[in-house]
>>> print(open('query_24.csv').read())   # CSV, N, CA and C atoms
chain,number,residue,atom,x,y,z
A,8,MET,N,-61.6,-56.8,-231.6
A,8,MET,CA,-62.0,-55.8,-230.6
A,8,MET,C,-62.8,-54.7,-231.3
A,9,ILE,N,-64.0,-54.4,-230.7
A,9,ILE,CA,-64.9,-53.4,-231.2
A,9,ILE,C,-64.4,-52.0,-230.6
A,10,MET,N,-64.1,-51.1,-231.5
A,10,MET,CA,-63.5,-49.8,-231.1
A,10,MET,C,-64.6,-48.8,-231.0
A,11,LYS,N,-64.4,-47.7,-230.3
A,11,LYS,CA,-65.3,-46.7,-230.0
A,11,LYS,C,-65.2,-45.6,-231.1
A,12,SER,N,-66.2,-44.7,-231.1
A,12,SER,CA,-66.1,-43.5,-231.9
A,12,SER,C,-65.4,-42.4,-231.0
A,13,PRO,N,-65.0,-41.4,-231.6
A,13,PRO,CA,-64.3,-40.3,-230.8
A,13,PRO,C,-65.2,-39.7,-229.8
A,14,ASP,N,-64.6,-39.3,-228.7
A,14,ASP,CA,-65.3,-38.6,-227.7
A,14,ASP,C,-66.5,-39.3,-227.0
A,15,GLU,N,-66.4,-40.6,-226.8
A,15,GLU,CA,-67.4,-41.3,-226.0
A,15,GLU,C,-67.0,-41.5,-224.6
A,16,THR,N,-67.9,-41.0,-223.7
A,16,THR,CA,-67.6,-41.1,-222.3
A,16,THR,C,-68.7,-42.0,-221.7
A,17,ILE,N,-68.2,-42.9,-220.8
A,17,ILE,CA,-69.1,-43.8,-220.1
A,17,ILE,C,-69.1,-43.5,-218.6
A,18,LEU,N,-70.3,-43.5,-218.0
A,18,LEU,CA,-70.4,-43.4,-216.6
A,18,LEU,C,-70.6,-44.8,-216.0
A,19,ILE,N,-69.7,-45.3,-215.2
A,19,ILE,CA,-69.8,-46.6,-214.5
A,19,ILE,C,-70.3,-46.3,-213.1
A,20,VAL,N,-71.4,-47.0,-212.7
A,20,VAL,CA,-72.0,-46.8,-211.4
A,20,VAL,C,-72.0,-48.2,-210.7
A,21,ASP,N,-71.2,-48.3,-209.7
A,21,ASP,CA,-71.2,-49.6,-209.0
A,21,ASP,C,-70.6,-49.3,-207.6
A,22,ASP,N,-71.3,-49.9,-206.6
A,22,ASP,CA,-70.8,-49.7,-205.2
A,22,ASP,C,-69.6,-50.5,-204.8
A,23,GLU,N,-69.3,-51.5,-205.6
A,23,GLU,CA,-68.1,-52.4,-205.4
A,23,GLU,C,-66.9,-51.7,-206.0
A,24,ASP,N,-66.0,-51.2,-205.2
A,24,ASP,CA,-64.8,-50.5,-205.6
A,24,ASP,C,-64.0,-51.4,-206.6
A,25,VAL,N,-63.7,-52.6,-206.2
A,25,VAL,CA,-62.9,-53.5,-207.1
A,25,VAL,C,-63.5,-53.7,-208.4
A,26,VAL,N,-64.8,-53.8,-208.5
A,26,VAL,CA,-65.5,-53.9,-209.8
A,26,VAL,C,-65.4,-52.7,-210.6
A,27,ARG,N,-65.6,-51.5,-210.0
A,27,ARG,CA,-65.5,-50.2,-210.7
A,27,ARG,C,-64.1,-50.0,-211.3
A,28,ARG,N,-63.1,-50.3,-210.4
A,28,ARG,CA,-61.7,-50.0,-210.9
A,28,ARG,C,-61.4,-51.0,-212.1
A,29,ALA,N,-61.8,-52.2,-212.0
A,29,ALA,CA,-61.5,-53.2,-213.1
A,29,ALA,C,-62.2,-52.8,-214.4
A,30,VAL,N,-63.5,-52.4,-214.3
A,30,VAL,CA,-64.2,-52.0,-215.5
A,30,VAL,C,-63.7,-50.7,-216.1
A,31,ILE,N,-63.3,-49.8,-215.2
A,31,ILE,CA,-62.7,-48.5,-215.7
A,31,ILE,C,-61.4,-48.8,-216.5
A,32,ARG,N,-60.6,-49.6,-215.9
A,32,ARG,CA,-59.3,-50.0,-216.5
A,32,ARG,C,-59.5,-50.6,-217.9
A,33,LEU,N,-60.4,-51.6,-217.9
A,33,LEU,CA,-60.6,-52.4,-219.1
A,33,LEU,C,-61.3,-51.5,-220.2
A,34,LEU,N,-62.3,-50.7,-219.8
A,34,LEU,CA,-63.0,-49.9,-220.8
A,34,LEU,C,-62.1,-48.8,-221.4
A,35,SER,N,-61.2,-48.3,-220.5
A,35,SER,CA,-60.2,-47.3,-221.0
A,35,SER,C,-59.3,-47.9,-222.1
A,36,ARG,N,-59.0,-49.2,-222.0
A,36,ARG,CA,-58.2,-49.8,-223.0
A,36,ARG,C,-58.9,-49.9,-224.4
A,37,PHE,N,-60.3,-49.8,-224.3
A,37,PHE,CA,-61.0,-49.7,-225.6
A,37,PHE,C,-61.0,-48.3,-226.1
A,38,GLY,N,-60.5,-47.4,-225.3
A,38,GLY,CA,-60.4,-46.0,-225.8
A,38,GLY,C,-61.5,-45.1,-225.3
A,39,TYR,N,-62.4,-45.5,-224.4
A,39,TYR,CA,-63.4,-44.7,-223.8
A,39,TYR,C,-62.8,-43.8,-222.7
A,40,GLU,N,-63.4,-42.7,-222.5
A,40,GLU,CA,-63.2,-41.9,-221.3
A,40,GLU,C,-64.2,-42.5,-220.3
A,41,VAL,N,-63.8,-42.7,-219.0
A,41,VAL,CA,-64.7,-43.3,-218.1
A,41,VAL,C,-64.8,-42.5,-216.8
A,42,LEU,N,-66.0,-42.1,-216.5
A,42,LEU,CA,-66.3,-41.5,-215.2
A,42,LEU,C,-66.9,-42.6,-214.3
A,43,GLN,N,-66.9,-42.3,-212.9
A,43,GLN,CA,-67.4,-43.3,-212.0
A,43,GLN,C,-68.2,-42.7,-210.9
A,44,ALA,N,-69.1,-43.5,-210.3
A,44,ALA,CA,-69.8,-43.2,-209.1
A,44,ALA,C,-70.0,-44.4,-208.3
A,45,SER,N,-70.1,-44.3,-207.0
A,45,SER,CA,-70.2,-45.5,-206.1
A,45,SER,C,-71.6,-45.8,-205.6
A,46,ASP,N,-72.5,-44.9,-205.9
A,46,ASP,CA,-73.9,-45.2,-205.5
A,46,ASP,C,-74.8,-44.3,-206.4
A,47,GLY,N,-76.1,-44.5,-206.2
A,47,GLY,CA,-77.1,-43.8,-207.1
A,47,GLY,C,-77.1,-42.3,-207.0
A,48,ALA,N,-77.0,-41.8,-205.7
A,48,ALA,CA,-76.9,-40.4,-205.5
A,48,ALA,C,-75.7,-39.7,-206.2
A,49,GLU,N,-74.6,-40.4,-206.0
A,49,GLU,CA,-73.4,-39.9,-206.7
A,49,GLU,C,-73.5,-40.0,-208.2
A,50,ALA,N,-74.2,-41.0,-208.7
A,50,ALA,CA,-74.4,-41.2,-210.1
A,50,ALA,C,-75.2,-40.0,-210.7
A,51,VAL,N,-76.2,-39.6,-210.0
A,51,VAL,CA,-77.1,-38.5,-210.5
A,51,VAL,C,-76.3,-37.2,-210.5
A,52,ALA,N,-75.5,-37.0,-209.4
A,52,ALA,CA,-74.7,-35.8,-209.4
A,52,ALA,C,-73.6,-35.8,-210.5
A,53,THR,N,-73.0,-36.9,-210.7
A,53,THR,CA,-72.0,-37.0,-211.7
A,53,THR,C,-72.6,-36.8,-213.1
A,54,PHE,N,-73.7,-37.4,-213.3
A,54,PHE,CA,-74.4,-37.3,-214.6
A,54,PHE,C,-74.8,-35.8,-214.8
A,55,GLU,N,-75.4,-35.2,-213.8
A,55,GLU,CA,-75.8,-33.8,-214.0
A,55,GLU,C,-74.7,-32.9,-214.3
A,56,ALA,N,-73.5,-33.1,-213.7
A,56,ALA,CA,-72.3,-32.3,-213.9
A,56,ALA,C,-71.7,-32.5,-215.3
A,57,ASN,N,-72.0,-33.7,-215.9
A,57,ASN,CA,-71.3,-34.1,-217.1
A,57,ASN,C,-72.2,-34.6,-218.2
A,58,ARG,N,-73.5,-34.2,-218.1
A,58,ARG,CA,-74.5,-34.8,-219.0
A,58,ARG,C,-74.2,-34.6,-220.5
A,59,GLU,N,-73.5,-33.5,-220.9
A,59,GLU,CA,-73.2,-33.3,-222.3
A,59,GLU,C,-72.1,-34.2,-222.8
A,60,ARG,N,-71.3,-34.8,-221.9
A,60,ARG,CA,-70.2,-35.7,-222.3
A,60,ARG,C,-70.6,-37.2,-222.2
A,61,ILE,N,-71.5,-37.5,-221.4
A,61,ILE,CA,-71.8,-38.9,-221.1
A,61,ILE,C,-72.6,-39.5,-222.3
A,62,ALA,N,-72.1,-40.5,-222.9
A,62,ALA,CA,-72.7,-41.2,-224.0
A,62,ALA,C,-73.7,-42.3,-223.5
A,63,ILE,N,-73.2,-43.0,-222.4
A,63,ILE,CA,-74.0,-44.1,-221.8
A,63,ILE,C,-73.6,-44.2,-220.3
A,64,THR,N,-74.6,-44.7,-219.5
A,64,THR,CA,-74.4,-45.0,-218.1
A,64,THR,C,-74.6,-46.4,-217.9
A,65,VAL,N,-73.6,-47.1,-217.3
A,65,VAL,CA,-73.8,-48.5,-216.9
A,65,VAL,C,-74.1,-48.4,-215.4
A,66,LEU,N,-75.3,-48.8,-215.1
A,66,LEU,CA,-75.9,-48.6,-213.7
A,66,LEU,C,-76.2,-49.8,-213.0
A,67,ASP,N,-75.5,-50.1,-211.9
A,67,ASP,CA,-75.7,-51.2,-211.0
A,67,ASP,C,-77.1,-51.0,-210.4
A,68,MET,N,-77.9,-52.0,-210.2
A,68,MET,CA,-79.2,-51.9,-209.6
A,68,MET,C,-79.3,-51.9,-208.1
A,69,VAL,N,-78.3,-52.6,-207.5
A,69,VAL,CA,-78.4,-52.7,-206.0
A,69,VAL,C,-77.2,-52.0,-205.4
A,70,MET,N,-77.5,-50.9,-204.7
A,70,MET,CA,-76.5,-50.0,-204.2
A,70,MET,C,-77.0,-49.3,-202.9
A,71,PRO,N,-76.1,-48.9,-202.0
A,71,PRO,CA,-76.5,-48.2,-200.8
A,71,PRO,C,-77.0,-46.7,-201.2
A,72,ARG,N,-77.5,-46.0,-200.3
A,72,ARG,CA,-78.0,-44.7,-200.4
A,72,ARG,C,-79.1,-44.5,-201.4
A,73,GLU,N,-78.9,-44.9,-202.6
A,73,GLU,CA,-79.9,-44.7,-203.6
A,73,GLU,C,-79.8,-45.9,-204.6
A,74,SER,N,-80.8,-46.6,-204.8
A,74,SER,CA,-80.8,-47.8,-205.7
A,74,SER,C,-80.7,-47.4,-207.1
A,75,GLY,N,-80.5,-48.4,-208.0
A,75,GLY,CA,-80.4,-48.2,-209.4
A,75,GLY,C,-81.7,-47.7,-210.0
A,76,ASP,N,-82.8,-48.3,-209.6
A,76,ASP,CA,-84.1,-47.8,-210.2
A,76,ASP,C,-84.4,-46.4,-209.8
A,77,VAL,N,-84.1,-45.9,-208.6
A,77,VAL,CA,-84.3,-44.5,-208.3
A,77,VAL,C,-83.3,-43.6,-209.1
A,78,ALA,N,-82.0,-44.0,-209.2
A,78,ALA,CA,-81.1,-43.3,-210.0
A,78,ALA,C,-81.5,-43.2,-211.4
A,79,PHE,N,-82.0,-44.3,-212.0
A,79,PHE,CA,-82.5,-44.4,-213.3
A,79,PHE,C,-83.5,-43.3,-213.6
A,80,HIS,N,-84.5,-43.2,-212.7
A,80,HIS,CA,-85.6,-42.2,-212.9
A,80,HIS,C,-85.1,-40.8,-212.7
A,81,ARG,N,-84.2,-40.6,-211.8
A,81,ARG,CA,-83.6,-39.2,-211.6
A,81,ARG,C,-82.8,-38.8,-212.8
A,82,ILE,N,-82.0,-39.7,-213.4
A,82,ILE,CA,-81.2,-39.4,-214.6
A,82,ILE,C,-82.1,-39.1,-215.7
A,83,ARG,N,-83.1,-40.0,-215.9
A,83,ARG,CA,-84.0,-39.8,-217.1
A,83,ARG,C,-84.8,-38.5,-216.9
A,84,HIS,N,-85.0,-38.1,-215.7
A,84,HIS,CA,-85.7,-36.8,-215.5
A,84,HIS,C,-84.8,-35.6,-216.0
A,85,LEU,N,-83.5,-35.7,-215.7
A,85,LEU,CA,-82.5,-34.7,-216.2
A,85,LEU,C,-82.4,-34.8,-217.7
A,86,ALA,N,-82.4,-36.0,-218.3
A,86,ALA,CA,-82.1,-36.2,-219.7
A,86,ALA,C,-83.0,-37.3,-220.2
A,87,PRO,N,-84.2,-37.1,-220.7
A,87,PRO,CA,-85.1,-38.1,-221.0
A,87,PRO,C,-84.6,-39.1,-222.1
A,88,ASP,N,-83.6,-38.7,-222.9
A,88,ASP,CA,-83.0,-39.6,-223.9
A,88,ASP,C,-81.7,-40.2,-223.4
A,89,ALA,N,-81.3,-40.1,-222.1
A,89,ALA,CA,-80.1,-40.7,-221.6
A,89,ALA,C,-80.1,-42.2,-221.9
A,90,ARG,N,-79.0,-42.7,-222.3
A,90,ARG,CA,-78.8,-44.2,-222.5
A,90,ARG,C,-78.3,-44.8,-221.2
A,91,ILE,N,-79.0,-45.8,-220.7
A,91,ILE,CA,-78.7,-46.4,-219.5
A,91,ILE,C,-78.7,-47.9,-219.6
A,92,LEU,N,-77.6,-48.5,-219.4
A,92,LEU,CA,-77.5,-50.0,-219.4
A,92,LEU,C,-77.5,-50.5,-218.0
A,93,LEU,N,-78.5,-51.3,-217.6
A,93,LEU,CA,-78.6,-51.8,-216.3
A,93,LEU,C,-77.7,-53.0,-216.0
A,94,ALA,N,-77.2,-53.1,-214.8
A,94,ALA,CA,-76.3,-54.2,-214.4
A,94,ALA,C,-76.7,-54.7,-213.0
A,95,SER,N,-76.5,-56.0,-212.8
A,95,SER,CA,-76.8,-56.6,-211.5
A,95,SER,C,-76.2,-57.9,-211.4
A,96,GLY,N,-75.8,-58.3,-210.1
A,96,GLY,CA,-75.4,-59.6,-209.9
A,96,GLY,C,-76.5,-60.6,-209.8
A,97,HIS,N,-77.7,-60.1,-209.8
A,97,HIS,CA,-78.9,-60.9,-209.8
A,97,HIS,C,-79.5,-61.0,-211.2
A,98,ALA,N,-80.3,-62.0,-211.4
A,98,ALA,CA,-81.0,-62.1,-212.7
A,98,ALA,C,-81.9,-61.0,-212.9
A,99,ALA,N,-82.3,-60.7,-214.2
A,99,ALA,CA,-83.2,-59.6,-214.4
A,99,ALA,C,-84.6,-60.0,-213.7
A,100,ASN,N,-85.2,-59.0,-213.2
A,100,ASN,CA,-86.4,-59.2,-212.4
A,100,ASN,C,-87.5,-58.2,-213.0
A,101,GLU,N,-88.6,-58.1,-212.3
A,101,GLU,CA,-89.7,-57.2,-212.8
A,101,GLU,C,-89.2,-55.8,-212.8
A,102,THR,N,-88.4,-55.3,-211.9
A,102,THR,CA,-87.9,-54.0,-211.8
A,102,THR,C,-87.1,-53.7,-213.1
A,103,VAL,N,-86.2,-54.6,-213.4
A,103,VAL,CA,-85.3,-54.4,-214.6
A,103,VAL,C,-86.2,-54.4,-215.8
A,104,GLU,N,-87.1,-55.4,-215.9
A,104,GLU,CA,-88.0,-55.4,-217.1
A,104,GLU,C,-88.8,-54.2,-217.3
A,105,GLY,N,-89.3,-53.6,-216.1
A,105,GLY,CA,-90.0,-52.3,-216.2
A,105,GLY,C,-89.2,-51.2,-216.7
A,106,LEU,N,-87.9,-51.1,-216.2
A,106,LEU,CA,-87.0,-50.1,-216.6
A,106,LEU,C,-86.6,-50.2,-218.1
A,107,ILE,N,-86.5,-51.4,-218.6
A,107,ILE,CA,-86.3,-51.6,-220.0
A,107,ILE,C,-87.5,-51.1,-220.8
A,108,LEU,N,-88.7,-51.3,-220.3
A,108,LEU,CA,-89.9,-50.8,-221.0
A,108,LEU,C,-89.9,-49.3,-221.0
A,109,GLU,N,-89.3,-48.7,-219.9
A,109,GLU,CA,-89.2,-47.2,-219.8
A,109,GLU,C,-88.1,-46.6,-220.6
A,110,GLY,N,-87.3,-47.5,-221.2
A,110,GLY,CA,-86.2,-46.9,-222.1
A,110,GLY,C,-84.8,-47.3,-221.7
A,111,ALA,N,-84.5,-48.1,-220.7
A,111,ALA,CA,-83.2,-48.6,-220.5
A,111,ALA,C,-82.8,-49.4,-221.7
A,112,VAL,N,-81.5,-49.3,-222.1
A,112,VAL,CA,-81.0,-49.9,-223.4
A,112,VAL,C,-80.7,-51.4,-223.3
A,113,GLY,N,-80.8,-51.9,-222.0
A,113,GLY,CA,-80.5,-53.3,-221.9
A,113,GLY,C,-80.1,-53.7,-220.5
A,114,PHE,N,-79.7,-54.9,-220.3
A,114,PHE,CA,-79.3,-55.5,-219.0
A,114,PHE,C,-78.1,-56.4,-219.2
A,115,VAL,N,-77.2,-56.3,-218.3
A,115,VAL,CA,-76.0,-57.2,-218.3
A,115,VAL,C,-75.9,-57.7,-216.8
A,116,GLN,N,-75.8,-59.1,-216.7
A,116,GLN,CA,-75.7,-59.7,-215.4
A,116,GLN,C,-74.2,-59.8,-215.1
A,117,LYS,N,-73.9,-59.5,-213.8
A,117,LYS,CA,-72.5,-59.6,-213.3
A,117,LYS,C,-72.3,-61.0,-212.7
A,118,PRO,N,-71.2,-61.5,-212.7
A,118,PRO,CA,-70.0,-60.9,-213.3
A,118,PRO,C,-70.0,-61.0,-214.8
A,119,TYR,N,-69.7,-59.9,-215.5
A,119,TYR,CA,-69.7,-59.9,-216.9
A,119,TYR,C,-68.3,-59.9,-217.5
A,120,ARG,N,-68.3,-60.4,-218.7
A,120,ARG,CA,-67.0,-60.3,-219.4
A,120,ARG,C,-66.9,-59.0,-220.1
A,121,ILE,N,-65.8,-58.4,-220.1
A,121,ILE,CA,-65.6,-57.0,-220.6
A,121,ILE,C,-66.0,-57.0,-222.1
A,122,ALA,N,-65.7,-58.0,-222.9
A,122,ALA,CA,-66.0,-58.0,-224.3
A,122,ALA,C,-67.5,-58.0,-224.5
A,123,HIS,N,-68.2,-58.7,-223.6
A,123,HIS,CA,-69.7,-58.7,-223.7
A,123,HIS,C,-70.3,-57.3,-223.3
A,124,LEU,N,-69.7,-56.8,-222.3
A,124,LEU,CA,-70.1,-55.4,-221.9
A,124,LEU,C,-69.9,-54.4,-223.0
A,125,ASN,N,-68.7,-54.5,-223.6
A,125,ASN,CA,-68.4,-53.6,-224.7
A,125,ASN,C,-69.3,-53.8,-225.8
A,126,LYS,N,-69.7,-55.0,-226.1
A,126,LYS,CA,-70.6,-55.3,-227.2
A,126,LYS,C,-72.0,-54.6,-227.0
A,127,LEU,N,-72.5,-54.8,-225.7
A,127,LEU,CA,-73.7,-54.2,-225.4
A,127,LEU,C,-73.7,-52.6,-225.4
A,128,ILE,N,-72.5,-52.1,-225.0
A,128,ILE,CA,-72.3,-50.6,-225.1
A,128,ILE,C,-72.3,-50.2,-226.5
A,129,ARG,N,-71.6,-50.9,-227.4
A,129,ARG,CA,-71.5,-50.5,-228.8
A,129,ARG,C,-72.9,-50.6,-229.4
A,130,GLN,N,-73.7,-51.7,-229.1
A,130,GLN,CA,-75.0,-51.8,-229.7
A,130,GLN,C,-75.9,-50.6,-229.3
A,131,ALA,N,-75.8,-50.2,-228.0
A,131,ALA,CA,-76.6,-49.1,-227.6
A,131,ALA,C,-76.2,-47.8,-228.2
A,132,LEU,N,-74.9,-47.6,-228.4
A,132,LEU,CA,-74.4,-46.3,-228.9
A,132,LEU,C,-74.6,-46.3,-230.4
A,133,ASP,N,-74.4,-47.4,-231.1
A,133,ASP,CA,-74.5,-47.4,-232.5
A,133,ASP,C,-75.9,-47.7,-233.1
A,134,GLY,N,-76.8,-47.9,-232.1
A,134,GLY,CA,-78.2,-48.1,-232.5
A,134,GLY,C,-78.5,-49.5,-233.2
A,135,SER,N,-77.6,-50.5,-232.9
A,135,SER,CA,-77.8,-51.8,-233.6
A,135,SER,C,-78.4,-52.8,-232.7
>>> encode(input="query_24.csv", output="structure tokens")
Amino acid sequence: MIMKSPDETILIVDDEDVVRRAVIRLLSRFGYEVLQASDGAEAVATFEANRERIAITVLDMVMPRESGDVAFHRIRHLAPDARILLASGHAANETVEGLILEGAVGFVQKPYRIAHLNKLIRQALDGS
């Protein structure tokens, strides 16, 4: 099991309540503090209120009210160096590839295994 460094907070953004709750529970077992949002607009508000604490955001791409790509740009406007890991139930597409070129730290396809998600989070946070 890959463990975290002290004081790492993850923002999980997913419109599926059952997915959010499961990911929060599992990432908490790794020792992370986990914040949550159910859509892009809520993600931006949560990020803005907690930007000093959030080490990385796991951002679903397809959500109501505000999509992942819109939320990505709004978060990066608030914090140009924000680490954002993109997630989707669909394969990576041109939008995802474009966001990676703009600085997203990677992409994980759902359903993901928590060990794989944690590995991608660690790689982004540890710079490996």
>>> atom_distance(input="query_24.csv", atom1="atom N of Ala29 in chain A", atom2="CA of Val51 in chain A")
20.6 Å
>>> residues_around(input="query_24.csv", residues="range 64-73 of chain A", least_positions_apart="2", cutoff="5 Å", atoms="all atoms listed in the file", output="list in words")
Leu18, Ile19, Val20, Gly47, Ala48, Ala62, Gly75, Arg90, Ile91, Leu92, Leu93, Ala94 and Ser95 of chain A
>>> residues_near_point(input="query_24.csv", point="(-62.7, -46.8, -224.7)", cutoff="9 Å", atoms="only C-alpha atoms", output="list in words")
Met10, Lys11, Ser12, Glu15, Thr16, Ile17, Leu33, Leu34, Ser35, Arg36, Phe37, Gly38, Tyr39, Glu40, Val41 and Asn125 of chain A
>>> atom_distance(input="query_24.csv", atom1="CA of Gly96 in chain A", atom2="atom C of Gly134 in chain A")
25.6 Å
>>> select_by_dssp(input="query_24.csv", residues="chain A", states="strand (DSSP E or B)", output="PyMOL selection string")
chain A and resi 16-20+40-44+61-67+91-95+113-116
>>> closest_residue(input="query_24.csv", among="A:Leu124, A:Leu132, A:Ala78, A:Val30", to="Glu55 in chain A", atoms="only C-alpha atoms")
A:Ala78
>>> closest_residue(input="query_24.csv", among="A:Thr102, A:Ser45, A:Gln116, A:Ile63", to="Asp133 in chain A", atoms="only C-alpha atoms")
A:Ile63
>>> atom_distance(input="query_24.csv", atom1="CA of Gly113 in chain A", atom2="CA of Ala89 in chain A")
12.6 Å
>>> select_by_dssp(input="query_24.csv", residues="chain A", states="helix (DSSP H, G or I)", output="ChimeraX atom specification")
/A:24-36,47-57,75-85,101-108,121-133
